[in-house]
>>> print(open('input.txt').read())   # compact mmCIF, C-alpha atoms
# COMPACT_ATOMS: atom_id res chain seq x y z
CA GLN A 1 113.55 101.85 77.60
CA ILE A 2 112.69 102.54 81.22
CA GLN A 3 111.76 106.14 80.40
CA LYS A 4 109.35 104.91 77.73
CA GLY A 5 107.74 102.51 80.20
CA LEU A 6 107.26 104.96 83.07
CA PRO A 7 104.21 106.72 81.57
CA LEU A 8 102.53 103.33 81.22
CA MET A 9 102.73 102.53 84.94
CA TRP A 10 99.56 102.69 87.01
CA ARG A 11 100.37 105.46 89.43
CA ASP A 12 96.82 105.64 90.73
CA ARG A 13 96.74 101.95 91.66
CA TRP A 14 96.59 101.16 95.37
CA TRP A 15 97.64 97.62 96.22
CA ARG A 16 95.80 96.26 99.20
CA MET A 17 97.64 94.51 101.98
CA PHE A 18 95.85 91.49 103.37
CA ASP A 19 96.61 90.00 106.72
CA ARG A 20 95.41 87.03 108.71
CA ASP A 21 95.98 85.74 112.19
CA PRO A 22 98.89 83.32 112.57
CA ILE A 23 98.02 79.63 112.49
CA SER A 24 99.37 77.25 115.12
CA GLN A 25 99.16 73.94 113.25
CA TRP A 26 101.63 73.63 110.38
CA VAL A 27 101.92 69.86 110.17
CA TYR A 28 99.13 67.62 108.89
CA GLY A 29 100.25 64.00 108.83
CA ARG A 30 103.35 64.01 106.65
CA VAL A 31 102.64 67.41 105.11
CA ALA A 32 104.33 70.49 106.56
CA LEU A 33 103.63 74.11 105.69
CA LEU A 34 106.57 76.42 105.10
CA GLY A 35 106.97 80.04 104.02
CA ASP A 36 103.96 82.15 103.07
CA ALA A 37 101.68 79.11 103.18
CA ALA A 38 102.25 79.07 106.94
CA HIS A 39 102.90 82.73 107.71
CA PRO A 40 102.27 85.44 105.10
CA PRO A 41 103.76 88.59 106.67
CA LEU A 42 103.08 92.23 106.08
CA GLN A 43 106.09 94.11 104.73
CA TYR A 44 107.03 96.10 107.82
CA MET A 45 109.87 93.87 108.97
CA ALA A 46 110.95 92.53 105.55
CA GLN A 47 111.05 89.01 106.98
CA GLY A 48 108.97 86.97 104.52
CA ALA A 49 111.81 85.43 102.54
CA ILE A 50 114.09 84.82 105.50
CA MET A 51 111.32 83.16 107.51
CA ALA A 52 110.74 80.77 104.60
CA ILE A 53 114.47 80.01 104.41
CA GLU A 54 114.59 79.50 108.18
CA ASP A 55 111.59 77.15 107.96
CA GLY A 56 113.43 74.98 105.44
CA TRP A 57 116.66 75.06 107.44
CA VAL A 58 114.95 74.16 110.74
CA LEU A 59 113.06 71.31 109.10
CA ALA A 60 116.25 70.04 107.42
CA GLU A 61 118.13 70.18 110.74
CA HIS A 62 115.45 68.11 112.46
CA VAL A 63 115.33 65.61 109.59
CA GLY A 64 119.13 65.36 109.75
CA ALA A 65 119.03 64.82 113.52
CA GLN A 66 116.50 62.03 113.09
CA ALA A 67 118.55 60.44 110.31
CA ALA A 68 121.62 60.52 112.58
CA VAL A 69 119.88 58.50 115.31
CA ARG A 70 118.38 55.83 113.09
CA THR A 71 119.27 52.29 113.92
CA GLU A 72 119.53 49.09 111.92
CA ALA A 73 115.98 48.26 112.97
CA SER A 74 114.81 51.62 111.71
CA SER A 75 116.67 52.44 108.51
CA GLY A 76 114.65 55.52 107.64
CA VAL A 77 114.05 58.94 109.10
CA ASP A 78 111.49 59.22 111.89
CA TRP A 79 109.41 61.77 110.01
CA ASP A 80 106.82 62.10 112.75
CA ALA A 81 109.54 63.13 115.24
CA ALA A 82 111.22 65.49 112.76
CA LEU A 83 107.94 67.19 111.85
CA ALA A 84 106.89 67.45 115.51
CA ALA A 85 110.21 69.11 116.40
CA TYR A 86 109.77 71.53 113.48
CA GLU A 87 106.24 72.42 114.55
CA ALA A 88 107.31 72.82 118.18
CA VAL A 89 109.43 75.89 117.36
CA ARG A 90 108.52 77.56 114.06
CA PRO A 91 104.85 78.59 114.51
CA GLU A 92 105.57 80.50 117.73
CA HIS A 93 108.63 82.24 116.29
CA CYS A 94 106.74 83.30 113.18
CA ARG A 95 103.70 84.35 115.25
CA ARG A 96 106.02 86.69 117.12
CA VAL A 97 107.39 88.11 113.86
CA LEU A 98 103.90 88.61 112.41
CA SER A 99 102.50 90.28 115.52
CA THR A 100 105.58 92.49 115.84
CA GLY A 101 105.26 93.45 112.18
CA ARG A 102 101.67 94.50 112.75
CA ALA A 103 102.65 96.53 115.81
CA TRP A 104 105.53 98.18 113.96
CA GLY A 105 103.25 98.92 111.02
CA ASP A 106 100.85 100.66 113.38
CA LEU A 107 103.80 102.54 114.89
CA TRP A 108 104.99 103.81 111.49
CA HIS A 109 101.56 105.24 110.60
CA LEU A 110 100.88 107.29 113.73
CA ASP A 111 99.70 110.90 113.55
CA GLY A 112 99.52 113.83 115.92
CA LEU A 113 100.74 113.53 119.51
CA GLU A 114 101.48 109.81 119.21
CA ARG A 115 103.71 110.46 116.22
CA LEU A 116 105.65 113.08 118.22
CA GLN A 117 105.98 110.65 121.14
CA ARG A 118 107.21 107.89 118.82
CA ASN A 119 109.77 110.23 117.27
CA ALA A 120 111.02 111.33 120.70
CA ILE A 121 111.49 107.72 121.79
CA LEU A 122 113.37 106.79 118.62
CA ARG A 123 115.56 109.91 118.74
CA SER A 124 116.54 109.20 122.35
CA ARG A 125 117.89 105.73 121.56
CA ASP A 126 121.56 105.05 120.93
CA THR A 127 122.30 104.48 117.23
CA TYR A 128 123.92 101.15 118.10
CA ASP A 129 121.16 99.88 120.40
CA TYR A 130 119.59 96.85 118.73
CA ALA A 131 117.47 95.76 121.70
CA PHE A 132 114.29 95.86 119.60
CA THR A 133 115.69 93.60 116.88
CA ASP A 134 118.28 91.32 118.51
CA TRP A 135 115.66 88.61 119.03
CA ILE A 136 114.91 88.40 115.32
CA TYR A 137 118.36 88.84 113.78
CA GLY A 138 120.15 86.47 116.14
CA PRO A 139 120.63 82.72 115.66
CA THR A 140 117.60 80.75 114.49
CA ALA A 141 116.15 78.61 117.28
CA LEU A 142 115.86 74.86 116.75
CA THR A 143 113.88 74.33 119.96
CA PRO A 144 111.42 76.49 121.90
CA GLU A 145 113.98 76.87 124.69
CA GLN A 146 116.44 78.50 122.27
CA GLU A 147 113.96 81.20 121.25
CA PRO A 148 115.34 84.53 122.56
CA PRO A 149 113.22 86.85 124.69
CA LEU A 150 111.15 89.45 122.88
CA TYR A 151 112.03 93.13 123.25
CA THR A 152 110.52 95.25 125.99
CA THR A 153 107.97 97.73 124.71
CA ILE A 154 108.13 101.39 125.64
CA PRO A 155 104.68 102.93 126.02
CA LEU A 156 104.23 106.08 123.98
CA SER A 157 102.54 107.66 126.98
CA SER A 158 105.82 107.43 128.90
CA VAL A 159 107.14 110.39 126.87
CA GLN A 160 106.02 113.95 127.38
CA VAL A 161 106.21 116.13 124.27
CA ALA A 162 104.85 119.52 123.35
CA ALA A 163 102.01 119.32 120.86
CA GLU A 164 102.60 121.17 117.62
>>> encode(input="input.txt", output="structure tokens")
Amino acid sequence: QIQKGLPLMWRDRWWRMFDRDPISQWVYGRVALLGDAAHPPLQYMAQGAIMAIEDGWVLAEHVGAQAAVRTEASSGVDWDAALAAYEAVRPEHCRRVLSTGRAWGDLWHLDGLERLQRNAILRSRDTYDYAFTDWIYGPTALTPEQEPPLYTTIPLSSVQVAAE
């Protein structure tokens, strides 16, 4: 059946990628944005689904922490505190992912001398060096202080290559 369907596919169709700047306010009263509503990423880092899952987990952890400290006088969750703690950490983390995704997207589409410089930098790295991605694939931060440092960029101009 797949072979019958292949000729029907639109091979000349170009799907546009739309991007927008990250937003810093995700909480409006008792409404919190999560997932693509808060941070629609480009595909370069394949992080869209995991960021949405992390959003839900971080929010749940903060709600759970607030529920754990409730007293007899306050039998419910302090939603304002839980939502404030969520918003204190997630927008900045996701802003970093989105801006890195843009930068990596630009890096993948280089031509000419810059492409050769990029390739030389990537070839010179140890196969097991994850310095560029440790910050994103490590533990999910629950507070801004737990957010790991971002990778150090290597300027393309720092590499001398022979032009083709």
>>> atom_distance(input="input.txt", atom1="atom CA of Ser99 of chain A", atom2="atom CA of Arg123 of chain A")
23.8 Å
>>> closest_atom_pairs(input="input.txt", of="segment 25-136 of chain A", to="segment 147-155 of chain A", cutoff="12 Å", atoms="all atoms listed in the file", output="JSON lines")
{"residue": "A:Ala88", "atom": "CA", "partner": "A:Glu147", "partner_atom": "CA", "distance": 11.1}
{"residue": "A:Val89", "atom": "CA", "partner": "A:Glu147", "partner_atom": "CA", "distance": 8.0}
{"residue": "A:Arg90", "atom": "CA", "partner": "A:Glu147", "partner_atom": "CA", "distance": 9.7}
{"residue": "A:Pro91", "atom": "CA", "partner": "A:Glu147", "partner_atom": "CA", "distance": 11.6}
{"residue": "A:Glu92", "atom": "CA", "partner": "A:Glu147", "partner_atom": "CA", "distance": 9.1}
{"residue": "A:His93", "atom": "CA", "partner": "A:Glu147", "partner_atom": "CA", "distance": 7.4}
{"residue": "A:Cys94", "atom": "CA", "partner": "A:Glu147", "partner_atom": "CA", "distance": 11.0}
{"residue": "A:Arg95", "atom": "CA", "partner": "A:Leu150", "partner_atom": "CA", "distance": 11.8}
{"residue": "A:Arg96", "atom": "CA", "partner": "A:Leu150", "partner_atom": "CA", "distance": 8.2}
{"residue": "A:Val97", "atom": "CA", "partner": "A:Leu150", "partner_atom": "CA", "distance": 9.9}
{"residue": "A:Ser99", "atom": "CA", "partner": "A:Leu150", "partner_atom": "CA", "distance": 11.4}
{"residue": "A:Thr100", "atom": "CA", "partner": "A:Leu150", "partner_atom": "CA", "distance": 9.5}
{"residue": "A:Ala103", "atom": "CA", "partner": "A:Thr153", "partner_atom": "CA", "distance": 10.4}
{"residue": "A:Trp104", "atom": "CA", "partner": "A:Thr153", "partner_atom": "CA", "distance": 11.0}
{"residue": "A:Leu107", "atom": "CA", "partner": "A:Pro155", "partner_atom": "CA", "distance": 11.2}
{"residue": "A:Glu114", "atom": "CA", "partner": "A:Pro155", "partner_atom": "CA", "distance": 10.2}
{"residue": "A:Gln117", "atom": "CA", "partner": "A:Pro155", "partner_atom": "CA", "distance": 9.2}
{"residue": "A:Arg118", "atom": "CA", "partner": "A:Pro155", "partner_atom": "CA", "distance": 9.1}
{"residue": "A:Ala120", "atom": "CA", "partner": "A:Ile154", "partner_atom": "CA", "distance": 11.5}
{"residue": "A:Ile121", "atom": "CA", "partner": "A:Ile154", "partner_atom": "CA", "distance": 8.1}
{"residue": "A:Leu122", "atom": "CA", "partner": "A:Ile154", "partner_atom": "CA", "distance": 10.3}
{"residue": "A:Ser124", "atom": "CA", "partner": "A:Ile154", "partner_atom": "CA", "distance": 11.9}
{"residue": "A:Arg125", "atom": "CA", "partner": "A:Ile154", "partner_atom": "CA", "distance": 11.4}
{"residue": "A:Asp129", "atom": "CA", "partner": "A:Tyr151", "partner_atom": "CA", "distance": 11.7}
{"residue": "A:Tyr130", "atom": "CA", "partner": "A:Tyr151", "partner_atom": "CA", "distance": 9.6}
{"residue": "A:Ala131", "atom": "CA", "partner": "A:Tyr151", "partner_atom": "CA", "distance": 6.2}
{"residue": "A:Phe132", "atom": "CA", "partner": "A:Tyr151", "partner_atom": "CA", "distance": 5.1}
{"residue": "A:Thr133", "atom": "CA", "partner": "A:Tyr151", "partner_atom": "CA", "distance": 7.4}
{"residue": "A:Asp134", "atom": "CA", "partner": "A:Tyr151", "partner_atom": "CA", "distance": 8.1}
{"residue": "A:Trp135", "atom": "CA", "partner": "A:Pro148", "partner_atom": "CA", "distance": 5.4}
{"residue": "A:Ile136", "atom": "CA", "partner": "A:Pro148", "partner_atom": "CA", "distance": 8.2}
>>> residues_near_point(input="input.txt", point="(104.8, 69.4, 104.4)", cutoff="12 Å", atoms="only C-alpha atoms", output="list in words")
Gln25, Trp26, Val27, Tyr28, Gly29, Arg30, Val31, Ala32, Leu33, Leu34, Gly35, Ala37, Ala38, Asp55, Gly56, Leu59, Ala60, Trp79, Asp80, Ala82, Leu83, Ala84, Tyr86 and Glu87 of chain A
>>> write_last_selection(input="input.txt", atoms="C-alpha atoms", output="PDB file, keeping the file's coordinate frame")
ATOM      1  CA  GLN A  25      99.160  73.940 113.250  1.00  0.00           C
ATOM      2  CA  TRP A  26     101.630  73.630 110.380  1.00  0.00           C
ATOM      3  CA  VAL A  27     101.920  69.860 110.170  1.00  0.00           C
ATOM      4  CA  TYR A  28      99.130  67.620 108.890  1.00  0.00           C
ATOM      5  CA  GLY A  29     100.250  64.000 108.830  1.00  0.00           C
ATOM      6  CA  ARG A  30     103.350  64.010 106.650  1.00  0.00           C
ATOM      7  CA  VAL A  31     102.640  67.410 105.110  1.00  0.00           C
ATOM      8  CA  ALA A  32     104.330  70.490 106.560  1.00  0.00           C
ATOM      9  CA  LEU A  33     103.630  74.110 105.690  1.00  0.00           C
ATOM     10  CA  LEU A  34     106.570  76.420 105.100  1.00  0.00           C
ATOM     11  CA  GLY A  35     106.970  80.040 104.020  1.00  0.00           C
ATOM     12  CA  ALA A  37     101.680  79.110 103.180  1.00  0.00           C
ATOM     13  CA  ALA A  38     102.250  79.070 106.940  1.00  0.00           C
ATOM     14  CA  ASP A  55     111.590  77.150 107.960  1.00  0.00           C
ATOM     15  CA  GLY A  56     113.430  74.980 105.440  1.00  0.00           C
ATOM     16  CA  LEU A  59     113.060  71.310 109.100  1.00  0.00           C
ATOM     17  CA  ALA A  60     116.250  70.040 107.420  1.00  0.00           C
ATOM     18  CA  TRP A  79     109.410  61.770 110.010  1.00  0.00           C
ATOM     19  CA  ASP A  80     106.820  62.100 112.750  1.00  0.00           C
ATOM     20  CA  ALA A  82     111.220  65.490 112.760  1.00  0.00           C
ATOM     21  CA  LEU A  83     107.940  67.190 111.850  1.00  0.00           C
ATOM     22  CA  ALA A  84     106.890  67.450 115.510  1.00  0.00           C
ATOM     23  CA  TYR A  86     109.770  71.530 113.480  1.00  0.00           C
ATOM     24  CA  GLU A  87     106.240  72.420 114.550  1.00  0.00           C
TER      25      GLU A  87
END
>>> closest_residue(input="input.txt", among="A:Asp126, A:Ala85, A:His109, A:Tyr137", to="Gln66 of chain A", atoms="only C-alpha atoms")
A:Ala85
>>> atom_distance(input="input.txt", atom1="atom CA of Met45 of chain A", atom2="atom CA of Thr127 of chain A")
18.3 Å
